[in-house]
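Student: The structure under discussion is supplied below as structure tokens; questions concerning it will follow.
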Amino acid sequence: MPIATVNPADGAVLRTYEALDAAGIEERIARAHETFATWRLTTFGDRAVLLRKAAELLEEDAADVARLMTAEMGKPVVQARAEAVKCVKAMRWYAERAESLLADEHPDEADVKDSGALAARVVYRPLGVVLAVMPWNFPLWQVVRFAAPALMAGNVGLLKHASNVPGTALYLEDLLRRAGFPEGCFGTLLIGSGEVERVLRDPRVAAATLTGSEPAGRSVASVAGDEVKPTVLELGGSDPFLVLPSADVAKAAQTAVTARVQNNGQSCIAAKRFIVHARVFDEFTERFTEGMSALRVGDPADEDTEVGPLSSEQGRADLEELVEDAVAQGARVLCGGRRPAGLDDGWYYEPTVLTDLSPGMRIHHAETFGPVASLYRAASLDEAVSLANDTPFGLSSNVWTRDAVDLARCVRDLRAGGVFVNGMTASHPALPFGGVKRSGYGRELAGHGIRAFCNATTVWEGAGG
Ligand code: NAP
């Protein structure tokens, strides 16, 4: 079946792509498998030269690829350019650091002796062909944060990108080819999600990583489990944003707006639930609502736009349903709560703040993937922490406080893969990224990310030689 891309800003079909047939899939897997046999023998230095070249080319292409991403999935073009620049940085970071991150590990001399060895060490070897199933929301970044470390470790990658961003997927394949990566090192599979199982069960595919929704993660993890293949899952999030009595409320409110609406509100690590201590609730609410109402919503190709459309009509319908369900059960709309006037062709939704929420509403436990903020009043720190943890997700969390005791309590008790203090959650190549609970398992980025697809091999040398 052909894959069609549609511009979320106006509903126009951009382009149609022919999906790979069975023979095409087989050819891609075979080529990746063959390439691994030689790619794994290259040195870190060889790989770094190619990755640095890819970074240089991407830097040159940033404006063009940004426009492509914006057309395919609707993010404001300024943010799309920033995403490309972030990828350049991550490529350079791993080109520079991979060798030291994967250096041999040497146990203590006394422990080596105790194991009966003359010498012992741990070496990190690549696993092979890794299947990457990726989402559309950061169509370059999600892939690069997998591919840069995986390729530097000596693995090869097969990308199954989301069906609405095939242009970006093919751009990435071409970028790495132009940078000099051998054919088969990184291939794009233009396939629907129904073909993922067949690829994952192929014995030539060693492992998988999936960034996306919980149902997709569950499906890939169960097939991989059945095949006993390792996986990393980066799934949804409903990050809490706690504002405690000692916070700088003005700064917190300003950052809260960005943290909620970045990428048109479609980011896994967006702050989605704003949990504000009663002592600062009124001030925060006023500033936050004012900030959300003032955002410029419009054509994402426009340099001035701050919030563009949702990536799909279905995405907007899902969001609307969550808001309607909450309002029907007594939630109050402080701003937004509807489609903006005059933007009828695209899948726009006004930046929205909802309050007076209760656990019976679907929004209380669901991920709001769009510019809708859930605002809660907490009577105490205990209640704030308990509300923060009252979610199936555990990706990241944000805490605004200048009180060391309150902060220590939050770092100890928030059940999430990150605690970002007096700022908003963001990923960085040097910091591990991932979640707990329904947000997935495993970590990307930093040393954790590059070791995720390595075979930590014990080399033990005895006296018997
Ligand atoms: P999605 O619908 O789960 O799609 C993600 C990828 O999985 C796509 O390539 C999709 O292919 C594929 N897929 C869907 N169902 C599948 C199945 N049953 N088996 C195998 N593959 C399947 O998610 P999305 O709408 O693109 O992205 C939004 C979600 O991703 C949100 O929940 C967000 O929080 C999460 N996310 C998490 C992170 C993180 O780092 N934790 C980062 C970004 C996004 P098709 O497009 O062909 O269906």
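We label chains A, B, ... in the order they appear in the structure tokens, count residues from 1 in each chain, and number ligands from 1 in the order shown.
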Excluding Arg15 (chain A) and its own-chain neighbours fewer than 6 positions away, which residues fall within 9 Å of it when counting only C-alpha atoms? Please give them as a ChimeraX atom specification.

Tutor: /A:3-6,167

Student: Any chance you can output those residues with N, CA and C atoms as a compact mmCIF listing (two decimals), in the first residue's frame?

Tutor:
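See part02.txt below for the written result:
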```
# COMPACT_ATOMS: atom_id res chain seq x y z
N ILE A 3 2.37 4.97 0.81
CA ILE A 3 2.37 5.78 2.03
C ILE A 3 2.25 7.25 1.57
N ALA A 4 1.19 7.93 2.04
CA ALA A 4 1.00 9.32 1.61
C ALA A 4 1.31 10.26 2.76
N THR A 5 2.00 11.35 2.48
CA THR A 5 2.23 12.33 3.54
C THR A 5 1.31 13.53 3.30
N VAL A 6 0.81 14.05 4.41
CA VAL A 6 -0.18 15.14 4.34
C VAL A 6 0.32 16.29 5.21
N GLY A 167 9.70 11.24 4.16
CA GLY A 167 10.68 12.13 3.54
C GLY A 167 11.87 12.33 4.47
```

Student: Compute the set of protein, DNA and RNA residues whose minimum atom distance to ligand 1 is at most 6 Å, using only C-alpha atoms and all ligand atoms, and state it as a PyMOL selection string.

Tutor: chain A and resi 133-136+160-163+192-193+196+211-213+216+219-220+234-237+267-268

Student: Restricting it to C-alpha atoms, dump the selection as a JSON list (two decimals), in the first residue's frame.

Tutor:
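For reference, selection-v2.json as written:
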```json
[["chain", "number", "residue", "atom", "x", "y", "z"],
["A", 133, "VAL", "CA", 10.98, 1.86, 15.20],
["A", 134, "MET", "CA", 10.60, 5.61, 15.53],
["A", 135, "PRO", "CA", 7.89, 8.27, 15.99],
["A", 136, "TRP", "CA", 7.16, 11.38, 13.96],
["A", 160, "LYS", "CA", 11.16, 1.87, 10.40],
["A", 161, "HIS", "CA", 10.05, 5.46, 10.75],
["A", 162, "ALA", "CA", 6.50, 6.66, 11.41],
["A", 163, "SER", "CA", 4.34, 6.56, 8.29],
["A", 192, "GLY", "CA", 3.73, -0.06, 7.73],
["A", 193, "SER", "CA", 3.65, -1.13, 11.37],
["A", 196, "VAL", "CA", 7.51, -4.83, 11.96],
["A", 211, "THR", "CA", 10.20, 5.19, 20.63],
["A", 212, "GLY", "CA", 6.47, 5.69, 20.50],
["A", 213, "SER", "CA", 3.22, 4.92, 22.20],
["A", 216, "ALA", "CA", 3.37, 0.00, 19.90],
["A", 219, "SER", "CA", 3.65, -5.12, 20.67],
["A", 220, "VAL", "CA", 7.36, -4.84, 19.79],
["A", 234, "GLU", "CA", 11.00, 4.97, 25.07],
["A", 235, "LEU", "CA", 7.26, 5.40, 25.45],
["A", 236, "GLY", "CA", 4.79, 8.04, 26.49],
["A", 237, "GLY", "CA", 4.95, 10.47, 29.36],
["A", 267, "SER", "CA", 6.66, 15.87, 23.14],
["A", 268, "CYS", "CA", 7.02, 12.86, 25.39]]
```

Student: Which residues in region 1-236 of chain A does DSSP call strand (DSSP E or B)? List them as a ChimeraX atom specification.

Tutor: /A:3-6,13-17,105,119-126,129-133,156-160,186-188,205-211,231-234

Student: Write out as a tab-separated table the residues of region 11-35 of chain A that have any atom within 10 Å of an atom of region 65-85 of chain A, one row each with the nearest atom pair and its distance in Å to one decimal, counting only C-alpha atoms, sorted by chain and then rising number.

Tutor:
```
residue	atom	partner	partner_atom	distance
A:Ala12	CA	A:Ala71	CA	9.9
A:Val13	CA	A:Glu72	CA	9.7
A:Leu14	CA	A:Glu72	CA	7.8
A:Arg15	CA	A:Glu72	CA	9.6
```

Student: Could you check the closest approach to Val199 (chain A) for each of A:Glu227, A:Asp406, A:Glu59, A:Glu183 and tell me which residue wins, using only C-alpha atoms?

Tutor: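 Closest to Val199 (chain A), using only C-alpha atoms: A:Glu227.
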
Student: Would you mind telling me which residue in A:Arg178, A:Arg121, A:Arg204, A:Arg438 lies nearest to His33 (chain A) when using only C-alpha atoms?

Tutor: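 Checking each of A:Arg178, A:Arg121, A:Arg204, A:Arg438 against His33 (chain A), counting only C-alpha atoms, the winner is A:Arg204.
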
Student: Any idea what the distance is between CA of Ala301 (chain A) and CA of Gly346 (chain A)?

Tutor: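 A separation of 12.6 Å between them.
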
Student: Would you mind listing what lies within 7 Å of Gly265 (chain A) as a CSV table (one decimal) with N, CA, C and O atoms, in the first residue's frame, with only C-alpha atoms counted and same-chain residues fewer than 4 positions away left out?

Tutor:
```csv
chain,number,residue,atom,x,y,z
A,260,ARG,N,5.1,23.1,28.1
A,260,ARG,CA,3.9,22.5,27.7
A,260,ARG,C,3.7,22.5,26.2
A,260,ARG,O,3.2,21.5,25.6
A,261,VAL,N,4.1,23.6,25.5
A,261,VAL,CA,3.7,23.7,24.1
A,261,VAL,C,4.8,23.5,23.1
A,261,VAL,O,4.6,23.5,21.9
A,270,ALA,N,7.3,16.7,27.4
A,270,ALA,CA,6.6,17.9,27.8
A,270,ALA,C,6.0,17.8,29.2
A,270,ALA,O,5.6,16.8,29.6
A,369,PHE,N,-1.4,14.6,24.2
A,369,PHE,CA,-0.4,14.9,23.2
A,369,PHE,C,-0.8,16.1,22.3
A,369,PHE,O,-1.3,15.9,21.2
A,370,GLY,N,-0.7,17.3,22.9
A,370,GLY,CA,-1.1,18.5,22.3
A,370,GLY,C,-1.1,19.6,23.3
A,370,GLY,O,-0.8,19.3,24.5
A,371,PRO,N,-1.4,20.9,22.9
A,371,PRO,CA,-1.2,22.0,23.8
A,371,PRO,C,-2.2,22.2,24.9
A,371,PRO,O,-2.8,23.2,25.1
```

Student: Please measure the separation of CA of Phe36 (chain A) and CA of Arg451 (chain A), giving the value in Å to one decimal.

Tutor: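 Separating CA of Phe36 (chain A) from CA of Arg451 (chain A) is a distance of 17.2 Å.
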
Student: Which neighbours of region 107-120 of chain A fall inside 12 Å, counting only C-alpha atoms, when residues of the same chain fewer than 6 positions from it are skipped, and could you give them as an MDAnalysis selection string?

Tutor: chainID A and resid 457:465

Student: If we count only C-alpha atoms and set the cut-off at 9 Å, which residues sit around Gly440 (chain A), ignoring sequence neighbours fewer than 4 positions away in its own chain? Please answer as a ChimeraX atom specification.

Tutor: /A:211,214,217,232-236,393-395,434-436

Student: Could those residues be written to a file, using N, CA, C and O atoms, as a CSV table (one decimal), in the first residue's frame?

Tutor:
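What landed in selection31.csv:
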```
chain,number,residue,atom,x,y,z
A,211,THR,N,10.7,4.0,20.0
A,211,THR,CA,10.2,5.2,20.6
A,211,THR,C,8.8,5.4,20.1
A,211,THR,O,8.6,5.5,18.9
A,214,GLU,N,2.5,3.5,24.0
A,214,GLU,CA,2.5,2.3,24.8
A,214,GLU,C,2.1,1.0,24.0
A,214,GLU,O,2.7,0.0,24.1
A,217,GLY,N,4.9,-0.1,21.8
A,217,GLY,CA,5.9,-0.6,22.6
A,217,GLY,C,5.6,-2.0,23.1
A,217,GLY,O,6.5,-2.9,23.1
A,232,VAL,N,15.1,-1.6,23.8
A,232,VAL,CA,15.0,-0.4,24.6
A,232,VAL,C,13.6,0.2,24.2
A,232,VAL,O,13.3,0.3,23.0
A,233,LEU,N,12.8,0.6,25.2
A,233,LEU,CA,11.5,1.2,24.9
A,233,LEU,C,11.5,2.6,25.5
A,233,LEU,O,11.7,2.8,26.7
A,234,GLU,N,11.2,3.6,24.6
A,234,GLU,CA,11.0,5.0,25.1
A,234,GLU,C,9.6,5.3,24.7
A,234,GLU,O,9.2,5.5,23.6
A,235,LEU,N,8.7,5.3,25.7
A,235,LEU,CA,7.3,5.4,25.5
A,235,LEU,C,6.7,6.8,25.9
A,235,LEU,O,7.4,7.7,26.0
A,236,GLY,N,5.4,6.8,26.2
A,236,GLY,CA,4.8,8.0,26.5
A,236,GLY,C,5.2,8.6,27.8
A,236,GLY,O,5.8,8.0,28.7
A,393,PHE,N,2.6,6.7,34.0
A,393,PHE,CA,3.9,7.0,33.3
A,393,PHE,C,5.0,7.4,34.3
A,393,PHE,O,4.7,7.7,35.5
A,394,GLY,N,6.2,7.5,33.8
A,394,GLY,CA,7.3,7.9,34.7
A,394,GLY,C,8.5,8.3,33.9
A,394,GLY,O,9.6,7.7,34.0
A,395,LEU,N,8.3,9.2,32.9
A,395,LEU,CA,9.4,9.6,32.1
A,395,LEU,C,10.3,10.6,32.8
A,395,LEU,O,11.4,10.3,33.2
A,434,GLY,N,15.4,8.3,29.6
A,434,GLY,CA,14.5,7.2,29.6
A,434,GLY,C,13.6,7.2,30.8
A,434,GLY,O,13.7,8.1,31.6
A,435,GLY,N,12.7,6.2,30.9
A,435,GLY,CA,11.7,6.3,31.9
A,435,GLY,C,11.5,5.0,32.7
A,435,GLY,O,12.2,4.0,32.5
A,436,VAL,N,10.6,5.1,33.6
A,436,VAL,CA,10.2,3.9,34.4
A,436,VAL,C,8.7,3.7,34.2
A,436,VAL,O,8.0,4.5,33.5
```
